[in-house]
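Trainee: Shown below is the structure under consideration.
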Amino acid sequence: MQDCGSPEVVFRLSPLVQQRHWHAVLGSFLYPGSPSALADTPSSPPDLPEASPSHDTTVCPVPSRPSFPGSPAPCGRRAWLDMDRETRVFAENHFRRLRGRLPSRVCPILDRVDFIENPDSFSYSDFFKGYLLPNLPCVFSSAFTEGWGSRRHWVTPSGKPDFDYLLQNYGDVVVPVANCGVQEYNSNPKEHMPLRDYISYWKEFIQGHYSSPRGCLYLKDWHLCRDASAKGIFTLPVYFSSDWLNEYWDTLDVDDYRFIYMGPTGTCWSVNICGRKKWFLFPPGQEEALRDCRGGLPYDVTAPAFLESRQHPGLNHCSPPLEVTQEAGEMVFVPSGWHHQVHNMVEWAHPAPRAQELAQEDTISINHNWVNGCNLANMWHFLQQELRAVQQEVSEWRDTMPDWHHHCQVIMRSCSGINFGEFYHFLKVIAERRLLLAKEIGSGEVEYGEGSRLGPQQTIFDISRIAEVLASVVVNPDFQRVDTSMLSPQPEDLLQQLEEVMAAMESL
């Protein structure tokens, strides 16, 4: 299970009869999609012969990466992004009403997930006010992705993966592959191999009636978007263009949170390029009722062993999850804090339900993990929780270990991929880019990286969200123990710059 503060998009390829994928992210959208976490992140039905689930049960870390400048990934082009003034004021009032409560913990009770049918009648402001701010999931129809290159080229007319095209264009690329037949805690061990070797395995798996002596392997967390050959794979939907996590890593030119998953049957924004998936979505807070006596989350929420287990004392207090069937081309938006599990769909052939007559669903999906102003507070809250957990684990050495607080930050980084100092660096990079845009706000339109633009109202909103979270960071006692002598600007100075710009732009 994953819970980060950011959305996700992932590319997956996998020969699974079933895939179960636990996730709860900072925020994500999944088009045929959490990097680990964010997805998959990190970041997935009854047991069937010769099949094991692929799991990713992680807790929304922001994996660490090295350092700076860079260019956007070749795929996922950004479009013009802005909101009108009414939407910005609406958002400011929304956060004012929260009065410090986490956005992910304040959402209405749902009995279904909305399906968005028509791109022409659904604006960025509609999504922002109806789903992103209130932290609610939704599903976008395949009309939103029909122009993607991956949907045209990666899939045969019959809806199956086009192995010939994938081999011709990406055969020599080395990809990460998870062994779904082996469970390590709530995840699976990985190895790396050329895509042509994985596809060779995948074909053998299909020819063997979806079984193999090598077990069930699943291509997961393939960062194809860092490769120049990925151009045209997909166009980043405007709804998810405010993507600070990938903006940050693109600026550093180090890595990204855009993934591809592939495989036989088996986030977070996630799109299915081909195949079908079943989603189980748990609203924020519900995951606590799923934990066992040791605090662990379940490997599979549909397994009879879990449902009948006495090791989960809170299970009787857990409401049924929301269920979504994601068809090919459809895009799922999973908001911050929503733990979820994903299964590749499997249908029984008629009339006899014999294993060899299963209608298998080979799947490919694109996923992104992401963070922006709407869930930035969730990310900061998560990091504080992570540090407290580390401090509790090593509390007996507090009085005897030199630089105990520093070592807690080191341990936290090794577990979560980020510490308080790096979180400030993340805020600093995004803040400085927004402050630069604010200086040019008079033009009403400013460039936002290659082929993309950020409008004035979105810029003002972003600055206000960074300022609110940074104000909490600078007064945090544990952050105050971090050595900031080498930071430039100093956190207090950056906060002052943000507040001055907010005051100057208040009338816009």
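Each chain of the structure tokens is named A, B, ... in the order shown, its residues numbered from 1; ligands are numbered from 1 in display order.
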Where does DSSP see strand (DSSP E or B) in segment 312-353 of chain A, if you list the residues as a ChimeraX atom specification?

Mentor: /A:322-326,331-334,339-344,347-348

Trainee: Need to verify the contact set: Ser319 of chain A, 12 Å, only C-alpha atoms, exclusion of same-chain residues closer than 5 positions in sequence. Can you return it as a PyMOL selection string?

Mentor: chain A and resi 109-111+280-290+314

Trainee: Quick one: residues within 9 Å of segment 128-140 of chain A, only C-alpha atoms counted, chain neighbours fewer than 2 positions away excluded, as an MDAnalysis selection string?

Mentor: chainID A and resid 27 83 87 90:91 94:95 103:108 110 113:119 123:126 142:145 239 281 283 324 326 329:338 374:375

Trainee: Quick one: pull the distance between atom CA of Val429 of chain A and atom CA of Pro489 of chain A, Å, one decimal.

Mentor: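 These two atoms are separated by 10.8 Å.
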
Trainee: If you run DSSP on this backbone, which residues of segment 173-323 of chain A come out as helix (DSSP H, G or I), and could you give them as a PyMOL selection string?

Mentor: chain A and resi 195-207+224-226+228-230+238-240+244-252+286-290+304-307+315-317

Trainee: Applying 10 Å and only C-alpha atoms, which residues near Glu432 of chain A remain after dropping the ones on its own chain fewer than 6 positions away? List them as a list in words.

Mentor: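 Those residues are Ala438, Ile463, Pro489, Leu494, Gln497 and Leu498 of chain A.
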
Trainee: Generate the output file for the selected residues, N, CA, C and O atoms, as a compact mmCIF listing (two decimals), in the first residue's frame.

Mentor:
```txt
# COMPACT_ATOMS: atom_id res chain seq x y z
N ALA A 438 6.79 35.29 -11.56
CA ALA A 438 6.04 36.41 -10.99
C ALA A 438 6.59 37.75 -11.47
O ALA A 438 5.84 38.72 -11.64
N ILE A 463 2.63 30.03 -5.48
CA ILE A 463 3.43 30.78 -4.51
C ILE A 463 2.77 30.77 -3.14
O ILE A 463 3.43 30.59 -2.10
N PRO A 489 18.86 30.67 -0.92
CA PRO A 489 18.74 31.56 0.23
C PRO A 489 18.41 30.78 1.50
O PRO A 489 17.98 29.62 1.44
N LEU A 494 13.81 33.12 2.01
CA LEU A 494 12.95 32.68 0.90
C LEU A 494 11.48 32.90 1.26
O LEU A 494 10.69 33.36 0.42
N GLN A 497 10.62 36.50 0.77
CA GLN A 497 10.44 36.82 -0.65
C GLN A 497 9.07 36.40 -1.15
O GLN A 497 8.38 37.14 -1.87
N LEU A 498 8.65 35.20 -0.77
CA LEU A 498 7.34 34.71 -1.20
C LEU A 498 6.22 35.58 -0.66
O LEU A 498 5.26 35.92 -1.38
```

Trainee: May I ask which of the residues A:Leu376, A:Ala389, A:Leu195, A:Val174 is the closest one to Glu468 of chain A, counting only C-alpha atoms?

Mentor: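 Once distances to Glu468 of chain A are computed over only C-alpha atoms, the minimum belongs to A:Leu376.
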
Trainee: What's the 10 Å shell around Trp380 of chain A, counting only C-alpha atoms, without same-chain residues fewer than 4 positions away, as a list in words?

Mentor: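 Listed by chain and then number, they are Cys4, Gly5, Asn375, Leu376, Gln384, Gln385, Glu386, Phe420, Phe423, Val469, Leu470, Ser472 and Val473 of chain A.
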
Trainee: Store the residues picked out above, limited to N, CA, C and O atoms, as a CSV table (one decimal), in the first residue's frame.

Mentor:
```csv
chain,number,residue,atom,x,y,z
A,4,CYS,N,1.6,8.6,-0.5
A,4,CYS,CA,2.6,9.7,-0.7
A,4,CYS,C,1.8,10.9,-0.8
A,4,CYS,O,0.6,10.9,-0.7
A,5,GLY,N,2.3,12.0,-1.1
A,5,GLY,CA,1.6,13.2,-1.3
A,5,GLY,C,1.5,13.5,-2.8
A,5,GLY,O,1.3,14.6,-3.1
A,375,ASN,N,-1.5,19.2,-2.7
A,375,ASN,CA,-1.2,18.2,-1.8
A,375,ASN,C,0.2,18.4,-1.1
A,375,ASN,O,0.7,17.4,-0.5
A,376,LEU,N,0.8,19.5,-1.3
A,376,LEU,CA,2.1,19.8,-0.7
A,376,LEU,C,2.0,19.6,0.8
A,376,LEU,O,3.0,19.1,1.4
A,384,GLN,N,7.0,14.5,8.3
A,384,GLN,CA,7.1,14.6,9.8
A,384,GLN,C,6.7,13.3,10.5
A,384,GLN,O,7.4,13.0,11.5
A,385,GLN,N,5.8,12.6,9.9
A,385,GLN,CA,5.4,11.3,10.5
A,385,GLN,C,6.6,10.3,10.3
A,385,GLN,O,6.9,9.6,11.3
A,386,GLU,N,7.2,10.3,9.2
A,386,GLU,CA,8.4,9.5,9.0
A,386,GLU,C,9.5,9.7,10.0
A,386,GLU,O,10.1,8.8,10.5
A,420,PHE,N,14.6,16.3,5.7
A,420,PHE,CA,14.0,17.7,5.8
A,420,PHE,C,14.8,18.6,5.0
A,420,PHE,O,14.3,19.6,4.4
A,423,PHE,N,13.8,18.2,1.4
A,423,PHE,CA,12.5,18.8,1.2
A,423,PHE,C,12.6,20.3,1.0
A,423,PHE,O,11.9,20.9,0.2
A,469,VAL,N,3.3,26.2,3.4
A,469,VAL,CA,4.0,25.1,3.9
A,469,VAL,C,5.4,25.5,4.4
A,469,VAL,O,5.9,25.0,5.5
A,470,LEU,N,6.1,26.3,3.7
A,470,LEU,CA,7.4,26.8,4.2
A,470,LEU,C,7.3,27.5,5.5
A,470,LEU,O,8.2,27.3,6.4
A,472,SER,N,5.4,26.6,7.9
A,472,SER,CA,5.4,25.6,8.9
A,472,SER,C,6.7,24.9,9.0
A,472,SER,O,7.1,24.5,10.1
A,473,VAL,N,7.5,24.8,7.9
A,473,VAL,CA,8.8,24.1,7.9
A,473,VAL,C,9.8,24.9,8.8
A,473,VAL,O,10.5,24.4,9.7
```

Trainee: Could you pull the residues within 10 Å of Val394 of chain A, counting only C-alpha atoms, minus those fewer than 2 positions along the same chain, as a list in words?

Mentor: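 Near neighbours after the sequence-gap exclusion: Ala389, Val390, Gln391, Gln392, Glu396, Trp397, Arg398, Met401, Trp404, His407, Cys408 and Ile411 of chain A.
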
Trainee: Emit the selected residues as a compact mmCIF listing (two decimals), in the first residue's frame, including N, CA, C and O atoms.

Mentor:
```txt
# COMPACT_ATOMS: atom_id res chain seq x y z
N ALA A 389 8.66 8.42 13.38
CA ALA A 389 8.79 6.97 13.44
C ALA A 389 10.24 6.56 13.62
O ALA A 389 10.56 5.65 14.39
N VAL A 390 11.15 7.22 12.90
CA VAL A 390 12.58 6.94 13.04
C VAL A 390 13.05 7.28 14.44
O VAL A 390 13.77 6.50 15.10
N GLN A 391 12.66 8.45 14.93
CA GLN A 391 13.08 8.89 16.26
C GLN A 391 12.61 7.92 17.34
O GLN A 391 13.34 7.63 18.30
N GLN A 392 11.42 7.38 17.16
CA GLN A 392 10.90 6.42 18.13
C GLN A 392 11.71 5.12 18.11
O GLN A 392 12.00 4.53 19.15
N GLU A 396 16.31 4.99 22.26
CA GLU A 396 17.14 4.56 23.37
C GLU A 396 18.58 5.06 23.27
O GLU A 396 19.32 5.06 24.25
N TRP A 397 18.99 5.49 22.07
CA TRP A 397 20.34 6.02 21.90
C TRP A 397 20.39 7.56 21.88
O TRP A 397 21.41 8.15 21.59
N ARG A 398 19.27 8.17 22.17
CA ARG A 398 19.19 9.64 22.06
C ARG A 398 20.24 10.34 22.92
O ARG A 398 20.85 11.33 22.49
N MET A 401 24.21 8.85 21.65
CA MET A 401 24.71 8.95 20.27
C MET A 401 25.02 10.40 19.91
O MET A 401 24.13 11.26 19.97
N TRP A 404 22.61 12.82 17.38
CA TRP A 404 21.47 11.91 17.26
C TRP A 404 20.45 12.43 16.25
O TRP A 404 19.93 11.68 15.41
N HIS A 407 21.62 11.92 12.72
CA HIS A 407 21.54 10.51 12.32
C HIS A 407 20.09 10.12 12.03
O HIS A 407 19.85 9.28 11.14
N CYS A 408 19.13 10.69 12.74
CA CYS A 408 17.72 10.41 12.45
C CYS A 408 17.37 10.88 11.04
O CYS A 408 16.62 10.20 10.32
N ILE A 411 18.89 8.34 8.61
CA ILE A 411 18.09 7.11 8.57
C ILE A 411 16.79 7.34 7.82
O ILE A 411 16.35 6.52 7.01
```

Trainee: Grab the atom CA of Val342 of chain A to atom CA of Ile273 of chain A distance for me, in Å with one decimal place.

Mentor: 15.3 Å

Trainee: Just how far from atom CA of Ser365 of chain A is atom CA of Val271 of chain A, in Å to one decimal?

Mentor: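 Separation between atom CA of Val271 of chain A and atom CA of Ser365 of chain A: 5.4 Å.
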
Trainee: Using only C-alpha atoms, which residues sit within 9 Å of Arg481 of chain A once same-chain residues fewer than 5 positions away are excluded, as a ChimeraX atom specification?

Mentor: /A:405-406,476
